[in-house]
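Here is the file model_24.pdb (PDB, C-alpha atoms and all ligand atoms).
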ATOM      1  CA  MET A  14       2.918-109.816 114.901
ATOM      2  CA  ALA A  15       5.302-108.217 112.477
ATOM      3  CA  SER A  16       3.747-106.051 109.842
ATOM      4  CA  LYS A  17       5.610-105.463 106.670
ATOM      5  CA  LYS A  18       6.655-102.017 107.726
ATOM      6  CA  ARG A  19       8.020-103.204 111.016
ATOM      7  CA  SER A  20       9.364-106.423 109.707
ATOM      8  CA  PRO A  21      12.383-107.739 111.471
ATOM      9  CA  ALA A  22      14.778-107.291 108.761
ATOM     10  CA  ALA A  23      13.757-103.712 109.023
ATOM     11  CA  ILE A  24      16.612-101.413 108.430
ATOM     12  CA  SER A  25      16.231 -97.972 109.771
ATOM     13  CA  ALA A  26      16.989 -95.402 107.146
ATOM     14  CA  GLU A  27      18.504 -92.428 108.853
ATOM     15  CA  SER A  28      17.050 -90.051 106.371
ATOM     16  CA  GLY A  29      13.427 -91.102 106.548
ATOM     17  CA  PRO A  30      10.802 -92.634 108.766
ATOM     18  CA  GLN A  31      10.107 -95.577 106.494
ATOM     19  CA  ARG A  32      12.142 -98.644 107.226
ATOM     20  CA  LYS A  33      13.187-101.111 104.650
ATOM     21  CA  SER A  34      13.275-104.771 105.246
ATOM     22  CA  GLY A  35      15.327-107.566 104.183
ATOM     23  CA  ILE A  36      18.569-108.982 103.305
ATOM     24  CA  GLY A  37      21.755-107.956 104.724
ATOM     25  CA  GLN A  38      21.241-107.342 108.319
ATOM     26  CA  GLY A  39      24.296-109.315 108.029
ATOM     27  CA  LEU A  40      25.887-111.858 105.995
ATOM     28  CA  ALA A  41      27.744-114.944 106.247
ATOM     29  CA  ARG A  42      31.054-115.065 104.746
ATOM     30  CA  SER A  43      32.063-111.827 103.600
ATOM     31  CA  GLY A  44      34.305-110.532 100.975
ATOM     32  CA  ALA A  45      36.742-107.723 101.211
ATOM     33  CA  GLN A  46      37.416-105.710 104.272
ATOM     34  CA  ALA A  47      39.519-102.643 104.249
ATOM     35  CA  GLY A  48      40.258-103.001 107.911
ATOM     36  CA  THR A  49      42.693-105.529 109.220
ATOM     37  CA  ASP A  50      40.353-107.921 110.868
ATOM     38  CA  SER A  51      37.939-109.503 108.511
ATOM     39  CA  GLY A  52      39.021-109.794 104.931
ATOM     40  CA  VAL A  53      37.850-112.909 103.172
ATOM     41  CA  SER A  54      38.110-113.067  99.447
ATOM     42  CA  ASP A  55      34.863-113.417  97.524
ATOM     43  CA  GLY A  56      36.246-116.446  95.778
ATOM     44  CA  GLY A  57      37.094-118.097  99.069
ATOM     45  CA  HIS A  58      33.539-118.703 100.063
ATOM     46  CA  LEU A  59      33.936-122.434  99.805
ATOM     47  CA  GLY A  60      37.276-122.533 101.490
ATOM     48  CA  ASP A  61      38.043-123.435 105.041
ATOM     49  CA  GLU A  62      38.737-120.032 106.393
ATOM     50  CA  PHE A  63      35.890-118.147 107.915
ATOM     51  CA  ARG A  64      36.590-114.737 109.242
ATOM     52  CA  ASP A  65      34.048-112.741 110.990
ATOM     53  CA  PRO A  66      32.358-110.112 108.856
ATOM     54  CA  TYR A  67      30.458-109.063 111.947
ATOM     55  CA  SER A  68      33.462-108.024 113.957
ATOM     56  CA  ILE A  69      32.639-104.369 113.314
ATOM     57  CA  PHE A  70      28.935-104.668 112.646
ATOM     58  CA  ALA A  71      28.438-106.526 115.947
ATOM     59  CA  GLU A  72      29.231-103.342 117.829
ATOM     60  CA  VAL A  73      26.145-101.615 116.479
ATOM     61  CA  TYR A  74      23.990-104.590 115.497
ATOM     62  CA  ASP A  75      21.501-104.318 118.351
ATOM     63  CA  GLU A  76      20.949-100.607 117.839
ATOM     64  CA  PHE A  77      20.698-101.127 114.139
ATOM     65  CA  MET A  78      18.055-103.813 114.642
ATOM     66  CA  GLU A  79      16.079-102.021 117.298
ATOM     67  CA  HIS A  80      12.956-102.011 115.131
ATOM     68  CA  VAL A  81      12.995-105.712 114.561
ATOM     69  CA  PRO A  82      10.048-107.247 116.439
ATOM     70  CA  TYR A  83      11.979-110.141 117.957
ATOM     71  CA  ALA A  84       9.326-110.677 120.623
ATOM     72  CA  ALA A  85       6.645-111.152 117.952
ATOM     73  CA  TRP A  86       8.950-113.464 116.007
ATOM     74  CA  ALA A  87       9.639-115.633 119.028
ATOM     75  CA  HIS A  88       5.949-115.725 119.839
ATOM     76  CA  TYR A  89       5.092-116.785 116.289
ATOM     77  CA  LEU A  90       7.767-119.506 116.281
ATOM     78  CA  ASP A  91       6.705-120.809 119.659
ATOM     79  CA  ARG A  92       3.057-120.979 118.574
ATOM     80  CA  ARG A  93       3.934-122.694 115.339
ATOM     81  CA  TYR A  94       5.933-125.319 117.213
ATOM     82  CA  ARG A  95       2.995-126.001 119.530
ATOM     83  CA  ALA A  96       0.509-126.164 116.648
ATOM     84  CA  LEU A  97       2.641-128.436 114.482
ATOM     85  CA  THR A  98       3.649-130.861 117.221
ATOM     86  CA  ARG A  99       0.792-130.538 119.719
ATOM     87  CA  ARG A 100       3.508-130.400 122.355
ATOM     88  CA  THR A 101       4.710-127.908 124.917
ATOM     89  CA  PRO A 102       8.235-126.881 124.047
ATOM     90  CA  ARG A 103      10.989-127.571 126.549
ATOM     91  CA  SER A 104      13.940-126.245 124.600
ATOM     92  CA  VAL A 105      14.875-124.200 121.568
ATOM     93  CA  VAL A 106      18.075-124.002 119.519
ATOM     94  CA  ASP A 107      18.793-120.900 117.450
ATOM     95  CA  LEU A 108      21.145-121.565 114.534
ATOM     96  CA  ALA A 109      23.060-118.364 113.707
ATOM     97  CA  CYS A 110      21.695-116.740 116.839
ATOM     98  CA  GLY A 111      23.619-113.487 116.435
ATOM     99  CA  THR A 112      23.452-111.406 119.600
ATOM    100  CA  GLY A 113      20.739-113.636 121.079
ATOM    101  CA  GLN A 114      17.868-111.206 120.736
ATOM    102  CA  LEU A 115      15.430-113.799 119.429
ATOM    103  CA  LEU A 116      16.397-116.440 122.006
ATOM    104  CA  ALA A 117      15.824-113.914 124.770
ATOM    105  CA  HIS A 118      12.184-113.611 123.787
ATOM    106  CA  PHE A 119      11.152-117.251 123.957
ATOM    107  CA  PRO A 120       8.943-118.099 126.946
ATOM    108  CA  PRO A 121      10.701-118.457 130.293
ATOM    109  CA  GLY A 122      11.600-121.930 131.446
ATOM    110  CA  LEU A 123      12.866-123.183 128.096
ATOM    111  CA  GLN A 124      16.377-124.449 127.777
ATOM    112  CA  ARG A 125      18.011-122.075 125.261
ATOM    113  CA  SER A 126      20.896-122.964 123.000
ATOM    114  CA  GLY A 127      22.475-121.117 120.137
ATOM    115  CA  MET A 128      25.381-121.141 117.769
ATOM    116  CA  ASP A 129      26.885-118.534 115.506
ATOM    117  CA  GLY A 130      29.879-118.112 113.239
ATOM    118  CA  SER A 131      30.773-114.726 114.657
ATOM    119  CA  ARG A 132      32.649-114.546 117.936
ATOM    120  CA  ALA A 133      31.807-110.863 118.213
ATOM    121  CA  MET A 134      28.084-111.545 117.902
ATOM    122  CA  LEU A 135      28.291-114.521 120.284
ATOM    123  CA  GLU A 136      30.060-112.427 122.874
ATOM    124  CA  ARG A 137      27.012-110.177 122.969
ATOM    125  CA  ALA A 138      24.672-113.144 123.113
ATOM    126  CA  ARG A 139      26.616-114.485 126.099
ATOM    127  CA  ARG A 140      26.220-111.228 127.945
ATOM    128  CA  ARG A 141      22.513-111.152 127.165
ATOM    129  CA  LEU A 142      21.868-114.821 128.021
ATOM    130  CA  PRO A 143      24.312-116.032 130.666
ATOM    131  CA  ASP A 144      22.345-119.243 131.183
ATOM    132  CA  ALA A 145      22.073-120.233 127.544
ATOM    133  CA  ARG A 146      24.282-122.848 125.932
ATOM    134  CA  LEU A 147      26.065-120.966 123.179
ATOM    135  CA  TYR A 148      28.874-122.070 120.942
ATOM    136  CA  HIS A 149      30.901-120.850 118.011
ATOM    137  CA  GLY A 150      30.241-122.892 114.908
ATOM    138  CA  ARG A 151      29.154-122.869 111.322
ATOM    139  CA  LEU A 152      25.854-123.619 109.761
ATOM    140  CA  GLU A 153      27.374-125.817 107.088
ATOM    141  CA  ARG A 154      29.449-127.867 109.513
ATOM    142  CA  SER A 155      28.603-130.396 112.221
ATOM    143  CA  LEU A 156      26.135-129.208 114.796
ATOM    144  CA  LYS A 157      27.163-129.900 118.368
ATOM    145  CA  PHE A 158      24.079-131.843 119.340
ATOM    146  CA  ALA A 159      23.452-135.559 119.700
ATOM    147  CA  ASP A 160      21.450-137.475 117.102
ATOM    148  CA  GLY A 161      17.703-136.928 117.403
ATOM    149  CA  SER A 162      18.089-134.765 120.494
ATOM    150  CA  GLN A 163      16.520-131.443 119.501
ATOM    151  CA  PRO A 164      12.754-130.928 119.269
ATOM    152  CA  HIS A 165      12.840-127.304 118.112
ATOM    153  CA  LEU A 166      15.434-125.643 115.908
ATOM    154  CA  VAL A 167      15.087-122.166 114.424
ATOM    155  CA  SER A 168      17.124-119.947 112.133
ATOM    156  CA  THR A 169      15.967-116.413 111.458
ATOM    157  CA  HIS A 170      16.696-113.110 109.847
ATOM    158  CA  ASP A 171      17.927-114.435 106.546
ATOM    159  CA  SER A 172      20.859-116.207 108.178
ATOM    160  CA  LEU A 173      20.607-119.157 105.800
ATOM    161  CA  ASN A 174      20.865-116.792 102.845
ATOM    162  CA  TYR A 175      24.443-116.370 103.963
ATOM    163  CA  LEU A 176      25.234-119.847 102.684
ATOM    164  CA  LEU A 177      26.398-119.016  99.198
ATOM    165  CA  ASP A 178      26.618-122.532  97.844
ATOM    166  CA  PRO A 179      23.523-124.761  97.695
ATOM    167  CA  GLU A 180      25.769-127.671  98.685
ATOM    168  CA  ASP A 181      26.437-125.881 101.970
ATOM    169  CA  LEU A 182      22.710-125.535 102.544
ATOM    170  CA  SER A 183      22.359-129.207 101.707
ATOM    171  CA  ARG A 184      25.054-130.096 104.275
ATOM    172  CA  HIS A 185      23.259-127.902 106.776
ATOM    173  CA  PHE A 186      19.981-129.727 106.209
ATOM    174  CA  ALA A 187      21.707-133.080 106.593
ATOM    175  CA  GLU A 188      23.004-131.984 110.001
ATOM    176  CA  VAL A 189      19.601-130.666 111.004
ATOM    177  CA  ARG A 190      18.089-133.980 109.956
ATOM    178  CA  ARG A 191      20.604-135.767 112.178
ATOM    179  CA  VAL A 192      19.985-133.738 115.342
ATOM    180  CA  LEU A 193      16.243-133.163 114.965
ATOM    181  CA  ALA A 194      14.051-135.185 117.327
ATOM    182  CA  PRO A 195      11.663-137.583 115.567
ATOM    183  CA  ASP A 196       8.699-135.220 116.005
ATOM    184  CA  GLY A 197      10.794-132.087 115.951
ATOM    185  CA  ILE A 198      10.364-128.936 113.898
ATOM    186  CA  TYR A 199      12.936-126.775 112.159
ATOM    187  CA  SER A 200      11.606-123.264 111.448
ATOM    188  CA  LEU A 201      13.664-121.050 109.195
ATOM    189  CA  ASP A 202      13.224-117.871 107.237
ATOM    190  CA  LEU A 203      14.423-116.866 103.792
ATOM    191  CA  VAL A 204      14.558-113.454 102.218
ATOM    192  CA  SER A 205      12.193-113.011  99.270
ATOM    193  CA  LEU A 206      13.270-111.884  95.828
ATOM    194  CA  GLU A 207      10.856-108.954  95.876
ATOM    195  CA  ASN A 208      12.401-107.728  99.073
ATOM    196  CA  ILE A 209      15.858-107.814  97.519
ATOM    197  CA  LEU A 210      14.766-106.093  94.327
ATOM    198  CA  LYS A 211      12.508-103.523  95.939
ATOM    199  CA  ASN A 212      14.493-102.583  98.994
ATOM    200  CA  PHE A 213      18.129-103.304  98.271
ATOM    201  CA  ASP A 214      19.226-103.846  94.686
ATOM    202  CA  ASN A 215      21.149-100.834  93.399
ATOM    203  CA  GLN A 216      20.387 -98.859  96.496
ATOM    204  CA  THR A 217      22.587 -97.006  98.904
ATOM    205  CA  LEU A 218      21.219 -96.791 102.418
ATOM    206  CA  ARG A 219      22.558 -94.300 104.939
ATOM    207  CA  HIS A 220      22.239 -94.674 108.658
ATOM    208  CA  LYS A 221      23.537 -93.135 111.813
ATOM    209  CA  VAL A 222      24.123 -95.374 114.799
ATOM    210  CA  ARG A 223      25.456 -93.862 118.021
ATOM    211  CA  GLY A 224      26.812 -90.930 116.072
ATOM    212  CA  ARG A 225      28.722 -93.160 113.681
ATOM    213  CA  GLY A 226      27.818 -93.171 110.025
ATOM    214  CA  LEU A 227      27.023 -96.359 108.177
ATOM    215  CA  VAL A 228      26.684 -96.352 104.418
ATOM    216  CA  TRP A 229      25.383 -99.527 102.855
ATOM    217  CA  LYS A 230      25.616-100.134  99.091
ATOM    218  CA  ASN A 231      23.724-103.093  97.722
ATOM    219  CA  GLU A 232      23.693-104.892  94.427
ATOM    220  CA  TYR A 233      21.969-108.090  93.338
ATOM    221  CA  ASP A 234      23.154-110.227  90.433
ATOM    222  CA  PRO A 235      20.284-112.347  89.066
ATOM    223  CA  LYS A 236      22.732-114.662  87.263
ATOM    224  CA  THR A 237      24.598-115.735  90.362
ATOM    225  CA  ARG A 238      21.704-114.921  92.724
ATOM    226  CA  LEU A 239      24.239-113.193  94.915
ATOM    227  CA  MET A 240      23.503-110.026  96.777
ATOM    228  CA  ARG A 241      26.547-107.959  97.592
ATOM    229  CA  SER A 242      26.376-105.391 100.348
ATOM    230  CA  ASP A 243      29.324-103.105 100.922
ATOM    231  CA  LEU A 244      29.213-101.504 104.328
ATOM    232  CA  GLU A 245      31.250 -98.435 105.173
ATOM    233  CA  PHE A 246      31.626 -97.383 108.790
ATOM    234  CA  TYR A 247      32.535 -93.773 109.540
ATOM    235  CA  ASP A 248      33.844 -92.507 112.842
ATOM    236  CA  LYS A 249      31.953 -89.940 114.850
ATOM    237  CA  GLY A 250      32.491 -86.452 113.463
ATOM    238  CA  ALA A 251      33.954 -87.715 110.195
ATOM    239  CA  ARG A 252      33.852 -85.184 107.368
ATOM    240  CA  LYS A 253      32.341 -85.966 103.990
ATOM    241  CA  SER A 254      35.771 -86.230 102.424
ATOM    242  CA  ASP A 255      37.078 -88.667 105.062
ATOM    243  CA  PRO A 256      37.484 -92.279 104.024
ATOM    244  CA  PRO A 257      35.542 -94.889 105.984
ATOM    245  CA  ALA A 258      37.186 -96.156 109.159
ATOM    246  CA  HIS A 259      36.218 -99.726 108.252
ATOM    247  CA  THR A 260      34.534-101.483 105.409
ATOM    248  CA  GLU A 261      32.876-104.863 105.156
ATOM    249  CA  ARG A 262      31.602-106.763 102.168
ATOM    250  CA  HIS A 263      28.684-109.036 102.858
ATOM    251  CA  LEU A 264      27.442-111.665 100.444
ATOM    252  CA  GLN A 265      24.163-113.491 100.541
ATOM    253  CA  ARG A 266      22.393-115.738  98.094
ATOM    254  CA  TYR A 267      18.756-115.772  97.127
ATOM    255  CA  TYR A 268      17.069-119.177  97.367
ATOM    256  CA  SER A 269      13.651-119.876  95.894
ATOM    257  CA  ILE A 270      11.242-121.877  97.994
ATOM    258  CA  GLU A 271      11.340-124.722  95.476
ATOM    259  CA  GLU A 272      15.102-124.863  95.614
ATOM    260  CA  VAL A 273      15.031-125.074  99.395
ATOM    261  CA  ARG A 274      12.293-127.647  99.341
ATOM    262  CA  GLY A 275      14.411-129.817  97.023
ATOM    263  CA  LEU A 276      17.559-129.466  99.120
ATOM    264  CA  ALA A 277      15.626-130.264 102.277
ATOM    265  CA  ARG A 278      14.038-133.314 100.698
ATOM    266  CA  ARG A 279      17.455-134.574  99.655
ATOM    267  CA  ALA A 280      18.399-134.527 103.351
ATOM    268  CA  GLY A 281      15.234-136.319 104.410
ATOM    269  CA  LEU A 282      13.314-133.245 105.575
ATOM    270  CA  GLU A 283       9.925-132.102 104.351
ATOM    271  CA  VAL A 284       8.433-128.641 104.300
ATOM    272  CA  VAL A 285       5.122-128.913 106.131
ATOM    273  CA  LEU A 286       4.093-125.274 106.226
ATOM    274  CA  ILE A 287       5.085-122.031 104.522
ATOM    275  CA  GLU A 288       3.944-118.651 105.779
ATOM    276  CA  GLY A 289       5.112-115.079 105.363
ATOM    277  CA  ASP A 290       6.518-112.248 107.456
ATOM    278  CA  TYR A 291       6.028-114.142 110.715
ATOM    279  CA  GLU A 292       2.287-114.065 110.304
ATOM    280  CA  PRO A 293       0.017-117.119 110.459
ATOM    281  CA  ARG A 294      -1.111-116.920 106.830
ATOM    282  CA  GLU A 295      -0.143-118.085 103.357
ATOM    283  CA  HIS A 296       3.127-116.667 102.106
ATOM    284  CA  ARG A 297       3.139-114.181  99.231
ATOM    285  CA  PRO A 298       5.794-113.064  96.741
ATOM    286  CA  SER A 299       5.601-109.605  98.319
ATOM    287  CA  ASP A 300       6.574-110.818 101.782
ATOM    288  CA  ASN A 301       9.930-109.679 103.051
ATOM    289  CA  PHE A 302      10.531-113.085 104.580
ATOM    290  CA  TRP A 303       9.177-116.517 103.943
ATOM    291  CA  ASN A 304       8.788-118.751 106.974
ATOM    292  CA  LEU A 305       9.333-122.435 106.241
ATOM    293  CA  HIS A 306       8.629-125.136 108.791
ATOM    294  CA  LEU A 307      10.310-128.484 108.245
ATOM    295  CA  ARG A 308      10.296-131.860 109.854
ATOM    296  CA  ILE A 309      11.661-135.295 109.216
ATOM    297  CA  GLU A 310      10.036-136.692 106.123
ATOM    298  CA  THR A 311       7.221-139.087 106.723
ATOM    299  CA  SER A 312       5.875-141.323 104.000
ATOM    300  CA  GLY A 313       2.341-139.988 104.418
ATOM    301  CA  GLY A 314       3.400-136.331 104.403
ATOM    302  CA  ARG A 315       0.757-135.545 107.021
ATOM    303  CA  ARG A 316       0.209-131.945 108.046
ATOM    304  CA  ALA A 317      -0.610-130.964 111.567
ATOM    305  CA  ILE A 318      -2.151-127.624 110.609
TER     306      ILE A 318
HETATM  307  C1  LIG A 401      21.528-111.125 110.035
HETATM  308  S1  LIG A 401      22.345-111.944 111.324
HETATM  309  C2  LIG A 401      20.988-112.696 112.150
HETATM  310  C3  LIG A 401      21.295-112.974 113.568
HETATM  311  C4  LIG A 401      20.110-113.454 114.388
HETATM  312  N1  LIG A 401      19.570-114.696 113.858
HETATM  313  C5  LIG A 401      19.035-112.390 114.423
HETATM  314  O1  LIG A 401      17.889-112.696 114.068
HETATM  315  O2  LIG A 401      19.316-111.284 114.842
HETATM  316  C6  LIG A 401      23.106-113.304 110.524
HETATM  317  C7  LIG A 401      23.939-114.140 111.461
HETATM  318  O3  LIG A 401      24.363-115.278 110.753
HETATM  319  C8  LIG A 401      25.683-115.593 111.179
HETATM  320  N2  LIG A 401      26.291-116.410 110.134
HETATM  321  C9  LIG A 401      26.434-116.102 108.852
HETATM  322  N3  LIG A 401      26.974-117.121 108.167
HETATM  323  C10 LIG A 401      27.173-118.101 109.058
HETATM  324  C11 LIG A 401      27.692-119.418 108.967
HETATM  325  N4  LIG A 401      28.100-119.914 107.803
HETATM  326  N5  LIG A 401      27.741-120.164 110.096
HETATM  327  C12 LIG A 401      27.323-119.660 111.272
HETATM  328  N6  LIG A 401      26.815-118.422 111.418
HETATM  329  C13 LIG A 401      26.743-117.649 110.306
HETATM  330  C14 LIG A 401      26.346-114.263 111.365
HETATM  331  O4  LIG A 401      27.487-114.348 112.180
HETATM  332  C15 LIG A 401      25.197-113.459 111.987
HETATM  333  O5  LIG A 401      25.222-113.495 113.372
END
Target format structure tokens, applied to this file:
Amino acid sequence: MASKKRSPAAISAESGPQRKSGIGQGLARSGAQAGTDSGVSDGGHLGDEFRDPYSIFAEVYDEFMEHVPYAAWAHYLDRRYRALTRRTPRSVVDLACGTGQLLAHFPPGLQRSGMDGSRAMLERARRRLPDARLYHGRLERSLKFADGSQPHLVSTHDSLNYLLDPEDLSRHFAEVRRVLAPDGIYSLDLVSLENILKNFDNQTLRHKVRGRGLVWKNEYDPKTRLMRSDLEFYDKGARKSDPPAHTERHLQRYYSIEEVRGLARRAGLEVVLIEGDYEPREHRPSDNFWNLHLRIETSGGRRAI
């Protein structure tokens, strides 16, 4: 079970033993990139183009996330599915699966599927999970599953916070509603506001991963609810005066639970349980992550647990 200190979003600060948690282990559409391979303008976040802000970050993502308790997360999600449905799971789909670390920790025997918007991240997931069904796609677009076919969908590590427009989250929920099996469960996490304000806003985090420097500058705008994270990657042996070898701008949006509940309801989904930090207990404002469990709306709104 993830404690706050070892929460998944835990970022390892090179300079100290304490890890921070939260937003920005990635991002969805990103903004500027000084390198040649992933520049997307901030204003283009509703446009058609989607370039991969993880093309550089993917190289170090697993090392960077080595303190994330993916096994405990998978265990929690698996138990929640069983408790909410009274069924034994036979498959799981991870939406924005990244490098496949979470999928790898679900119990053996399950059919594993995943999708992600980053080819670089997916490439790593494919190497990790050669038997999984993985595809390149976008959260806010059609999901490649038949109507009503999926009993268990998950999305973790603030991936949905990468949808910058509530309409995109709404489209995402509509697709989830379409593919979710009648008794299925969709378990997602969201980053909390306290996590953003306490651990990221106006903070510069410095890390070293495989000898390469990573400087991460974060800023949250309460008006737009957007969190901007500028990542600078430095080559091994770079001097202080050297410019970064690559930069990435990552944008994420904070969503309140009520906002998400409303968007889900609009798509015909209901939130049946909310917990915090992958622990089986009531959520709190101080959690790093909120865990929401959704299913197709029923008129009675019955709760299994
Ligand atoms: C912080 S990572 C989390 C990855 C994985 N879920 C984990 O727990 O390690 C966020 C992931 O969301 C993906 N992503 C962001 N925006 C996306 C979008 N609009 N459609 C699909 N994937 C997206 C990124 O490519 C990245 O792999």
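With only C-alpha atoms and all ligand atoms as the atoms that count, the minimum distance from ligand LIG 401 (chain A) to the choices A:Leu97, A:Val105, A:Ile270, A:Leu177 is reached by A:Leu177.
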Return as a ChimeraX atom specification the residues of protein, DNA or RNA that approach ligand LIG 401 (chain A) to within 9 Å, with all atoms listed in the file taken into account. /A:21-22,36-43,63,65-68,71,74-75,78,81,83,107-116,128-135,149-154,167-177,181,265
For Arg297 of chain A, find every residue with an atom within 9 Å (counting only C-alpha atoms), except residues of its own chain fewer than 5 positions away, and show them as an MDAnalysis selection string. chainID A and resid 288:289 303
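Here the question is which of A:Lys236, A:Arg278, A:Lys221, A:His263 gets nearest to Gly250 of chain A using only C-alpha atoms, and that residue is A:Lys221.
For the choices A:Ala145, A:Ala84, A:Leu239, A:Ala280, the atom-to-atom distance to Asp178 of chain A is smallest for A:Leu239 when using only C-alpha atoms.
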Looking at all atoms listed in the file, which of A:Gly281, A:Gly127, A:Pro257, A:Pro195 is the one that sits closest to Arg225 of chain A?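 Selected residue with least distance to Arg225 of chain A: A:Pro257.
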Of A:Ala96, A:Ala87, A:Ala277, A:Leu203, the one sitting nearest Pro121 of chain A when using all atoms listed in the file is A:Ala87
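Atom CA of Tyr89 of chain A to atom CA of Asp202 of chain A spans 12.2 Å [interatomic distance, one decimal].
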Kindly give the distance, in Å, that separates atom CA of Glu207 of chain A and atom CA of Asp91 of chain A, rounded to a single decimal. 26.9 Å
Explicit residues for the PyMOL selection byres (((chain A and resi 310) around 6) and not hetatm) (as a PDB file with C-alpha atoms, keeping the file's coordinate frame):
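File written: selection24.pdb
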ATOM      1  CA  GLY A 281      15.234-136.319 104.410  1.00  0.00           C
ATOM      2  CA  LEU A 282      13.314-133.245 105.575  1.00  0.00           C
ATOM      3  CA  GLU A 283       9.925-132.102 104.351  1.00  0.00           C
ATOM      4  CA  ILE A 309      11.661-135.295 109.216  1.00  0.00           C
ATOM      5  CA  THR A 311       7.221-139.087 106.723  1.00  0.00           C
TER       6      THR A 311
END
Please identify all polymer residues within 12 Å of Asp255 of chain A, counting all atoms listed in the file, omitting same-chain residues fewer than 5 positions from it, and present them as a ChimeraX atom specification. /A:226,245-250
Grab the atom CA of Ala138 of chain A to atom CA of Leu218 of chain A distance for me, in Å with one decimal place.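 Between atom CA of Ala138 of chain A and atom CA of Leu218 of chain A the gap is 26.6 Å.
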I need the output of the PyMOL selection byres (((chain A and resi 268) around 8) and not hetatm) for this file as a PyMOL selection string; which residues are they? chain A and resi 174+203-204+238+266-267+269-270+272-273
Residue IDs satisfying the PyMOL selection byres (((chain A and resi 103) around 8) and not hetatm), as a list in words: Thr101, Pro102, Ser104, Val105, Gly122, Leu123 and Gln124 of chain A
So which residues fall inside 12 Å of (1.0, -119.6, 102.4) if we count all atoms listed in the file? Mind giving them as a CSV table (one decimal) with C-alpha atoms, in the frame of the given file?
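As written to disk, point-v3.csv reads:
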chain,number,residue,atom,x,y,z
A,270,ILE,CA,11.2,-121.9,98.0
A,284,VAL,CA,8.4,-128.6,104.3
A,285,VAL,CA,5.1,-128.9,106.1
A,286,LEU,CA,4.1,-125.3,106.2
A,287,ILE,CA,5.1,-122.0,104.5
A,288,GLU,CA,3.9,-118.7,105.8
A,289,GLY,CA,5.1,-115.1,105.4
A,290,ASP,CA,6.5,-112.2,107.5
A,291,TYR,CA,6.0,-114.1,110.7
A,292,GLU,CA,2.3,-114.1,110.3
A,293,PRO,CA,0.0,-117.1,110.5
A,294,ARG,CA,-1.1,-116.9,106.8
A,295,GLU,CA,-0.1,-118.1,103.4
A,296,HIS,CA,3.1,-116.7,102.1
A,297,ARG,CA,3.1,-114.2,99.2
A,298,PRO,CA,5.8,-113.1,96.7
A,299,SER,CA,5.6,-109.6,98.3
A,300,ASP,CA,6.6,-110.8,101.8
A,302,PHE,CA,10.5,-113.1,104.6
A,303,TRP,CA,9.2,-116.5,103.9
A,304,ASN,CA,8.8,-118.8,107.0
A,305,LEU,CA,9.3,-122.4,106.2
A,306,HIS,CA,8.6,-125.1,108.8
A,318,ILE,CA,-2.2,-127.6,110.6
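Among the candidates A:Val192, A:Ala117, A:Leu264, A:Leu156, the residue lying nearest to Asp144 of chain A is A:Ala117 (atoms considered: only C-alpha atoms).
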Only N, CA and C atoms, as a JSON list (two decimals), in the first residue's frame: that is what I want for segment 247-258 of chain A.
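This is the output file decode-v2.json:
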[["chain", "number", "residue", "atom", "x", "y", "z"],
["A", 247, "TYR", "N", 20.07, 17.65, -19.24],
["A", 247, "TYR", "CA", 21.48, 17.98, -19.45],
["A", 247, "TYR", "C", 22.27, 16.70, -19.71],
["A", 248, "ASP", "N", 23.19, 16.80, -20.65],
["A", 248, "ASP", "CA", 24.03, 15.63, -20.94],
["A", 248, "ASP", "C", 24.95, 15.33, -19.78],
["A", 249, "LYS", "N", 25.43, 14.11, -19.77],
["A", 249, "LYS", "CA", 26.42, 13.69, -18.77],
["A", 249, "LYS", "C", 27.61, 14.64, -18.83],
["A", 250, "GLY", "N", 28.10, 15.06, -17.69],
["A", 250, "GLY", "CA", 29.31, 15.87, -17.65],
["A", 250, "GLY", "C", 29.10, 17.32, -18.07],
["A", 251, "ALA", "N", 27.84, 17.71, -18.25],
["A", 251, "ALA", "CA", 27.59, 19.10, -18.65],
["A", 251, "ALA", "C", 28.05, 20.05, -17.55],
["A", 252, "ARG", "N", 28.59, 21.21, -17.96],
["A", 252, "ARG", "CA", 28.98, 22.20, -16.96],
["A", 252, "ARG", "C", 27.78, 23.09, -16.64],
["A", 253, "LYS", "N", 27.93, 23.81, -15.53],
["A", 253, "LYS", "CA", 26.80, 24.66, -15.09],
["A", 253, "LYS", "C", 26.38, 25.65, -16.15],
["A", 254, "SER", "N", 27.37, 26.13, -16.90],
["A", 254, "SER", "CA", 27.07, 27.17, -17.90],
["A", 254, "SER", "C", 26.50, 26.59, -19.20],
["A", 255, "ASP", "N", 26.54, 25.26, -19.34],
["A", 255, "ASP", "CA", 26.05, 24.66, -20.60],
["A", 255, "ASP", "C", 24.54, 24.77, -20.69],
["A", 256, "PRO", "N", 24.04, 25.00, -21.89],
["A", 256, "PRO", "CA", 22.58, 25.00, -22.04],
["A", 256, "PRO", "C", 22.06, 23.56, -22.00],
["A", 257, "PRO", "N", 20.78, 23.39, -21.73],
["A", 257, "PRO", "CA", 20.25, 22.01, -21.72],
["A", 257, "PRO", "C", 20.33, 21.39, -23.11],
["A", 258, "ALA", "N", 20.51, 20.07, -23.14],
["A", 258, "ALA", "CA", 20.56, 19.36, -24.42],
["A", 258, "ALA", "C", 19.16, 19.28, -25.03]]
